[in-house]
>>> print(open('target.cif').read())   # mmCIF, C-alpha atoms
data_my_file
loop_
_atom_site.group_PDB
_atom_site.id
_atom_site.type_symbol
_atom_site.label_atom_id
_atom_site.label_comp_id
_atom_site.auth_asym_id
_atom_site.auth_seq_id
_atom_site.Cartn_x
_atom_site.Cartn_y
_atom_site.Cartn_z
ATOM 1 C CA MET A 19 0.000 0.000 0.000
ATOM 2 C CA SER A 20 1.318 3.391 -0.937
ATOM 3 C CA THR A 21 1.570 6.158 1.588
ATOM 4 C CA THR A 22 2.508 8.905 -0.864
ATOM 5 C CA THR A 23 -0.878 9.418 -2.561
ATOM 6 C CA SER A 24 -3.192 12.064 -1.209
ATOM 7 C CA ALA A 25 -6.200 9.743 -1.044
ATOM 8 C CA ASP A 26 -5.132 7.771 2.006
ATOM 9 C CA SER A 27 -3.612 10.695 3.894
ATOM 10 C CA ASN A 28 -5.130 13.408 6.037
ATOM 11 C CA ARG A 29 -2.054 15.634 5.548
ATOM 12 C CA GLY A 30 -3.498 17.363 2.490
ATOM 13 C CA PRO A 31 -2.749 16.858 -1.187
ATOM 14 C CA VAL A 32 0.799 16.151 -2.363
ATOM 15 C CA VAL A 33 2.193 19.018 -4.476
ATOM 16 C CA THR A 34 2.811 16.766 -7.470
ATOM 17 C CA ASP A 35 -0.860 15.722 -7.479
ATOM 18 C CA LEU A 36 -1.885 19.298 -8.238
ATOM 19 C CA THR A 37 0.467 19.925 -11.147
ATOM 20 C CA THR A 38 2.485 17.938 -13.624
ATOM 21 C CA LYS A 39 5.411 20.296 -12.969
ATOM 22 C CA SER A 40 8.202 19.168 -10.678
ATOM 23 C CA PRO A 41 8.164 21.118 -7.382
ATOM 24 C CA TYR A 42 11.886 21.740 -7.891
ATOM 25 C CA GLU A 43 11.272 23.685 -11.108
ATOM 26 C CA ARG A 44 11.057 27.343 -10.201
ATOM 27 C CA ARG A 45 10.292 28.713 -13.656
ATOM 28 C CA THR A 46 6.556 29.124 -14.197
ATOM 29 C CA HIS A 47 6.892 29.008 -17.982
ATOM 30 C CA SER A 48 9.260 26.960 -20.088
ATOM 31 C CA ARG A 49 11.417 28.225 -22.948
ATOM 32 C CA GLY A 50 11.259 24.786 -24.497
ATOM 33 C CA ASN A 51 14.472 23.520 -25.987
ATOM 34 C CA PHE A 52 15.682 26.928 -27.191
ATOM 35 C CA GLU A 53 19.096 26.714 -25.482
ATOM 36 C CA LEU A 54 19.639 23.179 -26.788
ATOM 37 C CA TRP A 55 18.890 24.253 -30.364
ATOM 38 C CA SER A 56 21.092 27.333 -29.973
ATOM 39 C CA TRP A 57 23.948 25.103 -28.719
ATOM 40 C CA LEU A 58 23.516 22.819 -31.724
ATOM 41 C CA PHE A 59 23.245 25.774 -34.136
ATOM 42 C CA MET A 60 26.578 27.203 -32.902
ATOM 43 C CA ARG A 61 28.335 23.933 -33.733
ATOM 44 C CA ALA A 62 26.625 23.266 -37.087
ATOM 45 C CA SER A 63 26.976 26.865 -38.329
ATOM 46 C CA GLY A 64 30.544 26.983 -36.987
ATOM 47 C CA VAL A 65 31.659 24.078 -39.172
ATOM 48 C CA LEU A 66 29.936 25.563 -42.258
ATOM 49 C CA LEU A 67 31.410 29.010 -41.518
ATOM 50 C CA LEU A 68 34.919 27.554 -41.339
ATOM 51 C CA VAL A 69 34.559 26.449 -44.976
ATOM 52 C CA LEU A 70 32.708 29.612 -46.127
ATOM 53 C CA VAL A 71 34.989 32.147 -44.390
ATOM 54 C CA PHE A 72 38.258 30.362 -45.241
ATOM 55 C CA GLY A 73 37.125 30.169 -48.897
ATOM 56 C CA HIS A 74 36.162 33.880 -48.812
ATOM 57 C CA LEU A 75 39.520 34.902 -47.300
ATOM 58 C CA PHE A 76 41.526 32.678 -49.650
ATOM 59 C CA VAL A 77 39.877 33.954 -52.839
ATOM 60 C CA ASN A 78 39.855 37.640 -51.767
ATOM 61 C CA LEU A 79 43.231 37.916 -49.992
ATOM 62 C CA MET A 80 45.491 35.131 -51.286
ATOM 63 C CA THR A 81 44.738 34.775 -55.011
ATOM 64 C CA GLY A 82 45.468 37.415 -57.667
ATOM 65 C CA ASP A 83 46.563 40.785 -56.281
ATOM 66 C CA GLY A 84 45.149 39.998 -52.837
ATOM 67 C CA ILE A 85 43.799 42.962 -50.885
ATOM 68 C CA LYS A 86 45.185 45.369 -53.503
ATOM 69 C CA GLY A 87 42.890 43.843 -56.126
ATOM 70 C CA VAL A 88 39.696 44.595 -54.169
ATOM 71 C CA ASP A 89 37.662 47.371 -55.794
ATOM 72 C CA PHE A 90 34.212 47.846 -57.382
ATOM 73 C CA ALA A 91 35.192 45.833 -60.480
ATOM 74 C CA PHE A 92 36.335 42.931 -58.277
ATOM 75 C CA VAL A 93 33.012 42.841 -56.389
ATOM 76 C CA ALA A 94 31.061 43.185 -59.666
ATOM 77 C CA GLY A 95 33.005 40.259 -61.135
ATOM 78 C CA LYS A 96 32.171 38.038 -58.175
ATOM 79 C CA TRP A 97 28.494 38.988 -57.813
ATOM 80 C CA SER A 98 27.762 38.568 -61.509
ATOM 81 C CA SER A 99 27.933 34.867 -60.627
ATOM 82 C CA PRO A 100 25.011 33.245 -58.735
ATOM 83 C CA PHE A 101 27.560 30.929 -57.083
ATOM 84 C CA TRP A 102 29.273 33.762 -55.191
ATOM 85 C CA GLN A 103 25.940 35.522 -54.518
ATOM 86 C CA PHE A 104 24.680 32.372 -52.789
ATOM 87 C CA TRP A 105 28.042 31.810 -51.029
ATOM 88 C CA ASP A 106 28.053 35.351 -49.626
ATOM 89 C CA LEU A 107 24.342 35.248 -48.681
ATOM 90 C CA LEU A 108 24.775 31.996 -46.735
ATOM 91 C CA MET A 109 27.946 33.319 -45.098
ATOM 92 C CA LEU A 110 26.222 36.605 -44.151
ATOM 93 C CA TRP A 111 23.218 34.925 -42.518
ATOM 94 C CA LEU A 112 25.147 32.186 -40.716
ATOM 95 C CA ALA A 113 27.873 34.563 -39.484
ATOM 96 C CA GLU A 114 25.390 37.166 -38.218
ATOM 97 C CA LEU A 115 23.183 34.599 -36.438
ATOM 98 C CA HIS A 116 26.265 32.849 -35.001
ATOM 99 C CA GLY A 117 27.634 36.209 -33.832
ATOM 100 C CA VAL A 118 24.317 37.363 -32.357
ATOM 101 C CA ASN A 119 23.972 34.124 -30.419
ATOM 102 C CA GLY A 120 27.538 34.449 -29.113
ATOM 103 C CA VAL A 121 27.090 38.084 -28.029
ATOM 104 C CA ARG A 122 23.695 37.167 -26.470
ATOM 105 C CA THR A 123 25.520 34.604 -24.316
ATOM 106 C CA ILE A 124 28.120 37.200 -23.319
ATOM 107 C CA ILE A 125 25.386 39.732 -22.397
ATOM 108 C CA ASN A 126 23.632 37.056 -20.300
ATOM 109 C CA ASP A 127 26.941 36.261 -18.570
ATOM 110 C CA TYR A 128 27.994 39.754 -17.575
ATOM 111 C CA THR A 129 24.940 42.010 -17.155
ATOM 112 C CA GLU A 130 23.599 42.202 -13.631
ATOM 113 C CA ARG A 131 20.596 44.507 -14.059
ATOM 114 C CA ASP A 132 17.503 43.536 -16.062
ATOM 115 C CA SER A 133 17.323 46.996 -17.651
ATOM 116 C CA THR A 134 20.946 46.846 -18.863
ATOM 117 C CA ARG A 135 20.298 43.405 -20.347
ATOM 118 C CA LEU A 136 17.170 44.642 -22.120
ATOM 119 C CA VAL A 137 18.929 47.677 -23.620
ATOM 120 C CA LEU A 138 21.959 45.673 -24.821
ATOM 121 C CA LYS A 139 19.847 42.882 -26.327
ATOM 122 C CA THR A 140 17.568 45.389 -28.079
ATOM 123 C CA LEU A 141 20.624 47.056 -29.647
ATOM 124 C CA LEU A 142 22.001 43.616 -30.558
ATOM 125 C CA PHE A 143 18.836 42.456 -32.318
ATOM 126 C CA LEU A 144 18.350 45.793 -34.124
ATOM 127 C CA SER A 145 21.938 45.724 -35.411
ATOM 128 C CA ALA A 146 21.499 42.116 -36.573
ATOM 129 C CA LEU A 147 18.280 43.028 -38.381
ATOM 130 C CA LEU A 148 20.034 45.950 -40.093
ATOM 131 C CA VAL A 149 23.021 43.821 -41.162
ATOM 132 C CA MET A 150 20.931 40.919 -42.504
ATOM 133 C CA VAL A 151 18.308 43.021 -44.325
ATOM 134 C CA LEU A 152 20.837 45.478 -45.795
ATOM 135 C CA GLY A 153 23.298 42.712 -46.730
ATOM 136 C CA THR A 154 20.636 40.594 -48.440
ATOM 137 C CA LEU A 155 19.268 43.599 -50.370
ATOM 138 C CA VAL A 156 22.780 44.603 -51.506
ATOM 139 C CA ILE A 157 23.625 41.102 -52.775
ATOM 140 C CA PHE A 158 20.397 40.739 -54.769
ATOM 141 C CA THR A 159 19.760 44.286 -56.021
ATOM 142 C CA PHE A 160 23.399 44.884 -56.978
ATOM 143 C CA ASP A 161 23.895 46.048 -60.583
ATOM 144 C CA PRO A 162 27.448 45.346 -61.832
ATOM 145 C CA CYS A 163 26.749 47.484 -64.947
ATOM 146 C CA ILE A 164 26.349 50.690 -62.851
ATOM 147 C CA ASP A 165 30.053 51.190 -63.679
ATOM 148 C CA PRO A 166 30.301 52.694 -67.216
ATOM 149 C CA ASN A 167 33.848 51.323 -67.571
ATOM 150 C CA SER A 168 32.746 47.745 -66.851
ATOM 151 C CA THR A 169 34.278 45.111 -69.106
ATOM 152 C CA LEU A 170 31.907 42.367 -67.907
ATOM 153 C CA GLN A 171 30.305 40.487 -70.809
ATOM 154 C CA GLN A 172 26.777 41.039 -69.486
ATOM 155 C CA CYS A 173 27.403 44.837 -69.429
ATOM 156 C CA THR A 174 29.219 45.299 -72.759
ATOM 157 C CA GLY A 175 26.593 43.200 -74.590
ATOM 158 C CA ARG A 176 23.797 45.645 -73.698
ATOM 159 C CA MET B 15 50.073 22.180 -3.287
ATOM 160 C CA VAL B 16 48.855 22.472 0.321
ATOM 161 C CA VAL B 17 49.850 19.894 2.941
ATOM 162 C CA LEU B 18 47.114 19.166 5.495
ATOM 163 C CA ARG B 19 47.647 17.344 8.771
ATOM 164 C CA LEU B 20 44.564 15.296 9.569
ATOM 165 C CA ALA B 21 43.556 15.762 13.227
ATOM 166 C CA GLY B 22 44.358 12.778 15.402
ATOM 167 C CA LYS B 23 45.409 10.536 12.532
ATOM 168 C CA GLY B 24 49.133 11.273 12.619
ATOM 169 C CA ARG B 25 49.480 11.409 8.826
ATOM 170 C CA THR B 26 49.451 14.106 6.180
ATOM 171 C CA VAL B 27 47.694 14.406 2.816
ATOM 172 C CA ALA B 28 48.528 16.711 -0.051
ATOM 173 C CA VAL B 29 45.637 18.383 -1.817
ATOM 174 C CA GLN B 30 45.521 20.609 -4.883
ATOM 175 C CA PRO B 31 43.737 23.877 -4.087
ATOM 176 C CA LYS B 32 40.569 24.166 -6.200
ATOM 177 C CA ALA B 33 41.269 27.689 -7.359
ATOM 178 C CA ALA B 34 43.811 30.368 -6.680
ATOM 179 C CA SER B 35 42.848 33.171 -4.262
ATOM 180 C CA GLY B 36 39.133 32.421 -4.120
ATOM 181 C CA SER B 37 38.517 32.860 -7.855
ATOM 182 C CA LEU B 38 36.077 30.649 -9.701
ATOM 183 C CA TYR B 39 38.383 30.692 -12.704
ATOM 184 C CA ARG B 40 40.673 27.683 -12.967
ATOM 185 C CA GLY B 41 43.331 29.207 -15.254
ATOM 186 C CA ARG B 42 45.533 27.169 -17.595
ATOM 187 C CA GLU B 43 44.725 26.158 -21.177
ATOM 188 C CA GLY B 44 41.029 25.452 -20.559
ATOM 189 C CA MET B 45 40.225 28.936 -19.261
ATOM 190 C CA TRP B 46 42.576 30.923 -21.477
ATOM 191 C CA SER B 47 41.325 29.251 -24.666
ATOM 192 C CA TRP B 48 37.788 30.209 -23.570
ATOM 193 C CA VAL B 49 38.867 33.832 -22.919
ATOM 194 C CA ALA B 50 40.659 34.061 -26.288
ATOM 195 C CA HIS B 51 37.661 32.475 -28.069
ATOM 196 C CA ARG B 52 35.332 35.130 -26.587
ATOM 197 C CA ILE B 53 37.591 38.081 -27.387
ATOM 198 C CA ALA B 54 38.183 36.828 -30.963
ATOM 199 C CA GLY B 55 34.453 36.216 -31.438
ATOM 200 C CA VAL B 56 33.437 39.716 -30.292
ATOM 201 C CA LEU B 57 36.150 41.274 -32.475
ATOM 202 C CA ILE B 58 34.897 39.388 -35.557
ATOM 203 C CA PHE B 59 31.274 40.332 -34.735
ATOM 204 C CA PHE B 60 32.060 44.076 -34.702
ATOM 205 C CA PHE B 61 34.176 43.750 -37.839
ATOM 206 C CA LEU B 62 31.281 42.017 -39.654
ATOM 207 C CA PHE B 63 29.010 44.974 -38.849
ATOM 208 C CA ALA B 64 31.494 47.449 -40.387
ATOM 209 C CA HIS B 65 32.252 45.106 -43.299
ATOM 210 C CA VAL B 66 28.592 44.798 -44.349
ATOM 211 C CA LEU B 67 28.102 48.582 -44.117
ATOM 212 C CA ASP B 68 31.175 49.409 -46.233
ATOM 213 C CA THR B 69 30.382 46.708 -48.800
ATOM 214 C CA ALA B 70 26.842 48.158 -49.075
ATOM 215 C CA LEU B 71 28.486 51.195 -50.738
ATOM 216 C CA VAL B 72 28.593 49.192 -54.000
ATOM 217 C CA ARG B 73 24.863 50.045 -54.202
ATOM 218 C CA VAL B 74 25.648 53.767 -53.938
ATOM 219 C CA SER B 75 28.231 54.166 -56.693
ATOM 220 C CA PRO B 76 31.529 52.618 -57.855
ATOM 221 C CA GLU B 77 33.279 55.857 -56.811
ATOM 222 C CA ALA B 78 31.880 55.765 -53.245
ATOM 223 C CA TYR B 79 32.980 52.144 -52.788
ATOM 224 C CA ASN B 80 36.431 52.667 -54.301
ATOM 225 C CA THR B 81 37.025 55.823 -52.214
ATOM 226 C CA VAL B 82 36.256 54.065 -48.925
ATOM 227 C CA ILE B 83 38.176 50.886 -49.844
ATOM 228 C CA GLY B 84 41.078 53.167 -50.879
ATOM 229 C CA THR B 85 41.313 54.557 -47.335
ATOM 230 C CA TYR B 86 41.944 50.958 -46.116
ATOM 231 C CA GLN B 87 44.866 50.431 -48.479
ATOM 232 C CA ASN B 88 47.739 51.443 -46.210
ATOM 233 C CA PRO B 89 50.212 49.511 -44.000
ATOM 234 C CA VAL B 90 48.408 50.364 -40.739
ATOM 235 C CA VAL B 91 45.146 48.742 -41.895
ATOM 236 C CA ALA B 92 47.173 45.875 -43.425
ATOM 237 C CA PHE B 93 48.425 44.971 -39.930
ATOM 238 C CA GLY B 94 44.854 45.283 -38.647
ATOM 239 C CA GLU B 95 43.842 42.773 -41.330
ATOM 240 C CA ILE B 96 46.506 40.367 -40.065
ATOM 241 C CA GLY B 97 45.008 40.711 -36.566
ATOM 242 C CA LEU B 98 41.521 40.048 -37.943
ATOM 243 C CA VAL B 99 42.605 36.939 -39.850
ATOM 244 C CA ALA B 100 44.512 35.762 -36.739
ATOM 245 C CA ALA B 101 41.264 36.093 -34.725
ATOM 246 C CA VAL B 102 39.198 34.283 -37.392
ATOM 247 C CA VAL B 103 41.674 31.389 -37.728
ATOM 248 C CA PHE B 104 42.022 30.935 -33.957
ATOM 249 C CA HIS B 105 38.227 31.084 -33.440
ATOM 250 C CA ALA B 106 37.718 28.530 -36.243
ATOM 251 C CA TYR B 107 40.314 25.999 -35.005
ATOM 252 C CA ASN B 108 39.391 26.396 -31.342
ATOM 253 C CA GLY B 109 35.700 26.008 -32.326
ATOM 254 C CA ILE B 110 36.533 22.603 -33.831
ATOM 255 C CA ARG B 111 38.376 21.770 -30.585
ATOM 256 C CA ILE B 112 35.223 22.711 -28.595
ATOM 257 C CA ILE B 113 33.073 20.426 -30.779
ATOM 258 C CA LEU B 114 35.539 17.552 -30.275
ATOM 259 C CA VAL B 115 35.737 18.124 -26.510
ATOM 260 C CA ASP B 116 31.905 18.128 -26.358
ATOM 261 C CA THR B 117 31.418 14.926 -28.335
ATOM 262 C CA ASN B 118 34.493 12.724 -27.863
ATOM 263 C CA THR B 119 35.734 11.349 -24.524
ATOM 264 C CA TRP B 120 39.368 11.146 -25.696
ATOM 265 C CA ALA B 121 39.208 14.826 -26.688
ATOM 266 C CA THR B 122 37.629 15.739 -23.327
ATOM 267 C CA ARG B 123 40.522 14.103 -21.463
ATOM 268 C CA ASN B 124 43.092 15.678 -23.794
ATOM 269 C CA GLN B 125 41.580 19.164 -24.097
ATOM 270 C CA ARG B 126 44.839 20.797 -22.916
ATOM 271 C CA ARG B 127 46.915 18.939 -25.509
ATOM 272 C CA LEU B 128 44.330 19.853 -28.180
ATOM 273 C CA PHE B 129 44.715 23.528 -27.257
ATOM 274 C CA TRP B 130 48.405 23.313 -28.208
ATOM 275 C CA VAL B 131 47.425 21.525 -31.436
ATOM 276 C CA VAL B 132 45.144 24.520 -32.169
ATOM 277 C CA VAL B 133 48.009 26.943 -31.446
ATOM 278 C CA GLY B 134 50.328 24.921 -33.699
ATOM 279 C CA LEU B 135 47.878 24.830 -36.621
ATOM 280 C CA TRP B 136 47.193 28.539 -36.095
ATOM 281 C CA VAL B 137 50.926 29.355 -36.417
ATOM 282 C CA VAL B 138 51.237 27.100 -39.496
ATOM 283 C CA THR B 139 48.249 28.875 -41.148
ATOM 284 C CA MET B 140 49.271 32.414 -40.185
ATOM 285 C CA GLY B 141 52.853 32.096 -41.453
ATOM 286 C CA PRO B 142 52.074 31.730 -45.187
ATOM 287 C CA PHE B 143 49.149 34.175 -44.889
ATOM 288 C CA ILE B 144 51.270 36.959 -43.353
ATOM 289 C CA TRP B 145 54.040 36.408 -45.907
ATOM 290 C CA ARG B 146 51.644 36.612 -48.884
ATOM 291 C CA HIS B 147 49.530 39.452 -47.460
ATOM 292 C CA LEU B 148 52.572 41.644 -46.717
ATOM 293 C CA SER B 149 54.050 40.951 -50.167
ATOM 294 C CA HIS B 150 50.740 42.224 -51.668
ATOM 295 C CA VAL B 151 50.755 45.321 -49.445
ATOM 296 C CA PHE B 152 54.441 46.226 -49.858
ATOM 297 C CA GLY B 153 54.963 44.584 -53.272
#
>>> encode(input="target.cif", output="structure tokens")
Amino acid sequence: MSTTTSADSNRGPVVTDLTTKSPYERRTHSRGNFELWSWLFMRASGVLLLVLVFGHLFVNLMTGDGIKGVDFAFVAGKWSSPFWQFWDLLMLWLAELHGVNGVRTIINDYTERDSTRLVLKTLLFLSALLVMVLGTLVIFTFDPCIDPNSTLQQCTGR
Amino acid sequence: MVVLRLAGKGRTVAVQPKAASGSLYRGREGMWSWVAHRIAGVLIFFFLFAHVLDTALVRVSPEAYNTVIGTYQNPVVAFGEIGLVAAVVFHAYNGIRIILVDTNTWATRNQRRLFWVVVGLWVVTMGPFIWRHLSHVFG
């Protein structure tokens, strides 16, 4: 015979009979598995970013004239190809989300006041929104033929 | 090392203090790799913000973009670029170390040794990069 159920006791109902929540859980609402997914995202995006960023740095800094070769014509040459548009778009989104999640962790670690945390996170999310929206628009609305001296085939053939 | 004399037992034991001077931080490779990972990550995050804004100038005009990029083409910024690439490469290799330490018991036990592997690979990557980058800048 069990002595832990409320039915056979005159000591009042057991806490766990009233709710499915463990009495040791102090949070009244759950955030689900958000932190688990964020942990997994950091690792998955990190591996992809290693390939994307190393490729970006190698092509832009190591090949050709390196940093000296970077100008409007260089960017136009790359973004006239859907391959590099997609590469840079994926890199932009993954890097910004990875960075936001990292800085969010740092803010959670070091801020002591709720108001400071709110202000810093608001600034963080607004800056991320700006970077992702502006970056995406630039990649897809970019016109390489805006340069009258362009030697790109798609511009000279017009 | 602190030597304790157990009361009434007539023998001594040596124990490793848990942390120096009451700090929660344990020091050594584990902590310093974490500190360096954070600093490198924040540095890259702020650079990305500036990098997206300056690249957005290609939508303004070729002249606007070339003018701003032209202000970067000097030796001072070139050394800043070496620092940025150093941060990116360290963050990337140490990130792989973190994934291994999280998922593999051998790597968890050997996390200190893996930190020195990261440092070694970082040096091996930075050497050729610095040589080629500086020959572009001063060439």
>>> closest_residue(input="target.cif", among="B:Ala54, B:Ile96, B:Ala78, B:Leu67", to="B:Arg146", atoms="only C-alpha atoms")
B:Ile96
>>> atom_distance(input="target.cif", atom1="atom CA of B:Thr81", atom2="atom CA of A:Cys163")
18.4 Å
>>> atom_distance(input="target.cif", atom1="atom CA of A:Val71", atom2="atom CA of A:Asn126")
27.1 Å
>>> resolve_selection(input="target.cif", expression="the PyMOL selection byres ((chain B) within 6 of (chain A))", output="PyMOL selection string")
chain B and resi 59+70+76+80+106
>>> axis_aligned_box(input="target.cif", around="stretch 143-153 of chain B", padding_each_side="4 Å", output="AutoDock Vina command-line options")
--center_x 52.1 --center_y 40.2 --center_z -48.3 --size_x 13.8 --size_y 20.1 --size_z 17.9
>>> residues_around(input="target.cif", residues="B:Gln125", least_positions_apart="3", cutoff="12 Å", atoms="only C-alpha atoms", output="PDB file with C-alpha atoms, in the coordinates of the input")
ATOM      1  CA  ARG B  42      45.533  27.169 -17.595  1.00  0.00           C
ATOM      2  CA  GLU B  43      44.725  26.158 -21.177  1.00  0.00           C
ATOM      3  CA  GLY B  44      41.029  25.452 -20.559  1.00  0.00           C
ATOM      4  CA  MET B  45      40.225  28.936 -19.261  1.00  0.00           C
ATOM      5  CA  SER B  47      41.325  29.251 -24.666  1.00  0.00           C
ATOM      6  CA  TRP B  48      37.788  30.209 -23.570  1.00  0.00           C
ATOM      7  CA  ASN B 108      39.391  26.396 -31.342  1.00  0.00           C
ATOM      8  CA  ILE B 110      36.533  22.603 -33.831  1.00  0.00           C
ATOM      9  CA  ARG B 111      38.376  21.770 -30.585  1.00  0.00           C
ATOM     10  CA  ILE B 112      35.223  22.711 -28.595  1.00  0.00           C
ATOM     11  CA  ILE B 113      33.073  20.426 -30.779  1.00  0.00           C
ATOM     12  CA  LEU B 114      35.539  17.552 -30.275  1.00  0.00           C
ATOM     13  CA  VAL B 115      35.737  18.124 -26.510  1.00  0.00           C
ATOM     14  CA  ASP B 116      31.905  18.128 -26.358  1.00  0.00           C
ATOM     15  CA  THR B 117      31.418  14.926 -28.335  1.00  0.00           C
ATOM     16  CA  ASN B 118      34.493  12.724 -27.863  1.00  0.00           C
ATOM     17  CA  THR B 119      35.734  11.349 -24.524  1.00  0.00           C
ATOM     18  CA  TRP B 120      39.368  11.146 -25.696  1.00  0.00           C
ATOM     19  CA  ALA B 121      39.208  14.826 -26.688  1.00  0.00           C
ATOM     20  CA  THR B 122      37.629  15.739 -23.327  1.00  0.00           C
ATOM     21  CA  LEU B 128      44.330  19.853 -28.180  1.00  0.00           C
ATOM     22  CA  PHE B 129      44.715  23.528 -27.257  1.00  0.00           C
ATOM     23  CA  TRP B 130      48.405  23.313 -28.208  1.00  0.00           C
ATOM     24  CA  VAL B 131      47.425  21.525 -31.436  1.00  0.00           C
ATOM     25  CA  VAL B 132      45.144  24.520 -32.169  1.00  0.00           C
TER      26      VAL B 132
END
>>> atom_distance(input="target.cif", atom1="atom CA of B:Thr85", atom2="atom CA of B:Ala100")
21.8 Å
>>> closest_residue(input="target.cif", among="A:Asp132, A:Glu53, A:Asp127, A:Asp106", to="A:His74", atoms="only C-alpha atoms")
A:Asp106
>>> closest_residue(input="target.cif", among="A:Arg122, A:Val151, A:Ser98, A:Thr169", to="A:Leu136", atoms="only C-alpha atoms")
A:Arg122
>>> residues_near_point(input="target.cif", point="(37.8, 33.8, -31.1)", cutoff="7 Å", atoms="all atoms listed in the file", output="ChimeraX atom specification")
/B:50-55,101-102,104-105
>>> closest_residue(input="target.cif", among="A:Thr174, A:Ile125, A:Leu70, A:Trp111", to="A:Leu147", atoms="all atoms listed in the file")
A:Trp111
